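Notes to accompany the following structure.
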Amino acid sequence: MSTLTHGPAHGLVHDTAALLDRQLRRARNNPGLLVLTQTMPVSMLLFFGYVFGSALAVPGAAYRSFLVPGLLAATAAGGIMTGMFQAAQDVHRGVTGRLRTLPVSRAAVPLAQAVADTVLTAAGTVPFLLVGLAVGWRVEGGALAAAGALALLLLFRFTCVWVGIFLGLLTRDEEAAGQLGGATFLLPLLSSAYIPADGLPGPLRTAAEWNPISAVTTALRDLFGNAPVPEGAAWPVAHPVAGTLAWCAVLLAVFVPLAVRRYAHGER
């Protein structure tokens, strides 16, 4: 897998493809994690949709249609937790140190992790959407718009994994990463994933509308045709597709170099 005999781009692609197989086998050997990550969103859809939905102004079926895009965005944000835990686990168990001695591109190891996670997320989205259809959610915006929504969703997941990889390399400890990763469950609560942000008081509404999860959620609702873009919202929510792309570009520009540098130099 040496990158010395190829150009940098060719070497990165070659090394990432080789390491991607390791990441996918790793997931296959840990079926419990796959089951948990696929069943948790479904459980939340059923719980929030049928329990909380009855207490909200939005009628039950309409709320479940409102909720499905929010849960998709919240699940994508969970890439921070999975990226953090896996990166910290590899460091803690010495895997990262061994990989660092191989003649491979320094960006290939974290990139393979991010790509593998995104592939698994794409596969896990299918059963969730089928359950969504069963409880009343529908795609009202057309096939092309729906494809765009799924592309945005996977881009956001890819971005969040990079954030998690950097934090995992920074913590270097499985237990600490698990505890810190658990805190990421709070992020969707301060967004429009579960409830409309326009009903929140001033400061909370501002924080929710500038939360990247709100931009992704609003973009999905708009592209799926489940809810219109709210009026008078902050820029990322008022222009949700552009807002999602902007958030992803900024986060990737910050955390990809940080993660690659941290991986390459270890504790230094």
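Quick note on naming: the chains in the structure tokens go A, B, ... in the order shown, residues restart at 1 in each chain, and ligands are numbered from 1 in order of appearance.
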
Quick one: residues within 9 Å of Thr171 of chain A, only C-alpha atoms counted, chain neighbours fewer than 5 positions away excluded, as a list in words? Met84, Ala88, Phe166, Ala176 and Ala177 of chain A

Surrounding residues of segment 180-195 of chain A excluding itself and chain neighbours under 3 positions, 10 Å, only C-alpha atoms, as JSON, numbers by chain: {"A": [48, 49, 52, 53, 56, 58, 63, 64, 66, 67, 68, 69, 70, 71, 72, 73, 74, 75, 77, 78, 79, 80, 81, 82, 83, 84, 85, 164, 167, 168, 171, 174, 175, 176, 177, 198, 199, 200, 204, 205, 206, 207, 208, 209, 210, 211, 212, 213, 214, 215, 216, 217, 218, 237]}

Selection: 12 Å around Ala134 of chain A, only C-alpha atoms, excl. self and same-chain fewer than 4 positions, as JSON, numbers by chain: {"A": [42, 45, 46, 61, 64, 65, 68, 127, 128, 129, 130, 138]}

With all heavy atoms kept, could you save the residues just selected as a short mmCIF file (atom, residue, chain, number, x, y, z; two decimals), in the first residue's frame?
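Output saved as out-v4.cif:
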```cif
data_model
loop_
_atom_site.label_atom_id
_atom_site.label_comp_id
_atom_site.auth_asym_id
_atom_site.auth_seq_id
_atom_site.Cartn_x
_atom_site.Cartn_y
_atom_site.Cartn_z
N VAL A 42 -35.53 4.00 15.12
CA VAL A 42 -36.88 3.45 14.97
C VAL A 42 -37.63 3.52 16.28
O VAL A 42 -38.82 3.91 16.33
CB VAL A 42 -36.80 1.99 14.46
CG1 VAL A 42 -38.19 1.35 14.50
CG2 VAL A 42 -36.23 1.95 13.05
N LEU A 45 -38.67 7.05 16.89
CA LEU A 45 -39.78 7.44 16.03
C LEU A 45 -41.10 6.95 16.60
O LEU A 45 -42.08 7.71 16.66
CB LEU A 45 -39.57 6.87 14.63
CG LEU A 45 -40.73 7.01 13.65
CD1 LEU A 45 -41.06 8.48 13.42
CD2 LEU A 45 -40.40 6.33 12.32
N LEU A 46 -41.14 5.71 17.04
CA LEU A 46 -42.37 5.16 17.59
C LEU A 46 -42.73 5.83 18.91
O LEU A 46 -43.90 6.15 19.16
CB LEU A 46 -42.23 3.65 17.77
CG LEU A 46 -42.00 2.86 16.48
CD1 LEU A 46 -41.78 1.39 16.80
CD2 LEU A 46 -43.17 3.03 15.52
N ALA A 61 -50.36 11.87 12.86
CA ALA A 61 -49.75 11.47 11.60
C ALA A 61 -48.90 12.59 11.02
O ALA A 61 -47.81 12.36 10.48
CB ALA A 61 -50.82 11.04 10.61
N ARG A 64 -45.64 12.77 12.88
CA ARG A 64 -44.70 11.72 12.50
C ARG A 64 -44.01 12.07 11.18
O ARG A 64 -42.83 11.79 11.00
CB ARG A 64 -45.41 10.37 12.43
CG ARG A 64 -45.80 9.86 13.82
CD ARG A 64 -46.29 8.43 13.79
NE ARG A 64 -47.62 8.29 13.20
CZ ARG A 64 -48.76 8.47 13.87
NH1 ARG A 64 -48.74 8.81 15.15
NH2 ARG A 64 -49.93 8.32 13.26
N SER A 65 -44.73 12.68 10.25
CA SER A 65 -44.10 13.16 9.02
C SER A 65 -43.11 14.28 9.31
O SER A 65 -42.06 14.38 8.66
CB SER A 65 -45.17 13.66 8.04
OG SER A 65 -45.96 12.58 7.57
N VAL A 68 -39.83 12.45 11.16
CA VAL A 68 -38.91 11.57 10.44
C VAL A 68 -37.67 12.32 9.95
O VAL A 68 -36.54 11.87 10.20
CB VAL A 68 -39.63 10.86 9.27
CG1 VAL A 68 -38.62 10.24 8.30
CG2 VAL A 68 -40.55 9.78 9.81
N PRO A 127 -34.06 0.70 6.48
CA PRO A 127 -35.14 0.18 7.35
C PRO A 127 -35.85 1.28 8.12
O PRO A 127 -37.07 1.18 8.36
CB PRO A 127 -34.41 -0.78 8.30
CG PRO A 127 -32.98 -0.44 8.20
CD PRO A 127 -32.76 0.10 6.83
N PHE A 128 -35.13 2.35 8.49
CA PHE A 128 -35.79 3.45 9.19
C PHE A 128 -36.84 4.11 8.31
O PHE A 128 -37.95 4.40 8.75
CB PHE A 128 -34.75 4.48 9.65
CG PHE A 128 -35.37 5.69 10.28
CD1 PHE A 128 -35.81 5.66 11.59
CD2 PHE A 128 -35.52 6.87 9.56
CE1 PHE A 128 -36.39 6.78 12.18
CE2 PHE A 128 -36.10 7.98 10.13
CZ PHE A 128 -36.54 7.94 11.45
N LEU A 129 -36.50 4.35 7.05
CA LEU A 129 -37.45 4.98 6.14
C LEU A 129 -38.65 4.07 5.89
O LEU A 129 -39.77 4.55 5.73
CB LEU A 129 -36.76 5.33 4.83
CG LEU A 129 -35.71 6.44 4.90
CD1 LEU A 129 -35.09 6.68 3.53
CD2 LEU A 129 -36.30 7.73 5.45
N LEU A 130 -38.42 2.76 5.84
CA LEU A 130 -39.54 1.83 5.66
C LEU A 130 -40.50 1.90 6.84
O LEU A 130 -41.72 1.87 6.66
CB LEU A 130 -39.01 0.40 5.48
CG LEU A 130 -38.24 0.13 4.19
CD1 LEU A 130 -37.69 -1.29 4.19
CD2 LEU A 130 -39.12 0.38 2.97
N ARG A 138 -44.50 10.31 4.25
CA ARG A 138 -44.50 10.18 2.80
C ARG A 138 -43.52 11.18 2.18
O ARG A 138 -43.28 12.25 2.75
CB ARG A 138 -45.89 10.43 2.21
CG ARG A 138 -46.94 9.41 2.62
CD ARG A 138 -46.67 8.05 1.99
NE ARG A 138 -47.70 7.08 2.32
CZ ARG A 138 -47.65 6.27 3.38
NH1 ARG A 138 -46.63 6.35 4.24
NH2 ARG A 138 -48.62 5.39 3.60
#
```

Please measure the separation of atom CA of Val229 of chain A and atom CA of Ser43 of chain A, giving the value in Å to one decimal. 26.9 Å

Let's see if you can do this: from backbone DSSP, list all helix (DSSP H, G or I) residues in segment 76-224 of chain A, as an MDAnalysis selection string. chainID A and resid 76:77 79:92 95:100 108:134 143:171 174:189 197:199 202:209 212:224

Pick out the closest residue to Arg106 of chain A from this set: A:Leu245, A:Val260, A:Leu24, A:Val131. Count only C-alpha atoms.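 Answer, going by the shortest atom-to-atom distance: A:Val260.
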
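Shortest atom-to-atom contact with Val91 of chain A among A:Gly124, A:Gly266, A:Gly136, A:Gly142: A:Gly266, counting only C-alpha atoms.
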
Taking only C-alpha atoms into account, which of A:Thr118, A:Asn29, A:Ala107, A:Ala238 comes nearest Val256 of chain A? A:Ala107

For atom CA of Val109 of chain A and atom CA of Thr37 of chain A, quote the distance in Å rounded to one decimal. 22.4 Å

Measuring atom to atom with only C-alpha atoms, identify which of A:Phe158, A:His14, A:Phe255, A:Ala227 is nearest to Ala116 of chain A.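 Residue with the minimum atom-to-atom distance to Ala116 of chain A: A:Phe158.
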
Shell around Ala151 of chain A at 12 Å using only C-alpha atoms, local window under 3 positions removed, as number ranges by chain: A: 73, 76, 118-119, 121-122, 125, 144-148, 154-158, 216, 219-220, 223, 241, 244-245

Distance atom CA of Arg100 of chain A-atom CA of Ala264 of chain A, one decimal place? 7.0 Å

Find the residue from A:Asp222, A:Arg26, A:Gly232, A:Leu252 that sits nearest to Asp90 of chain A; use only C-alpha atoms when measuring.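 Looking at the shortest contact to Asp90 of chain A, the residue is A:Arg26.
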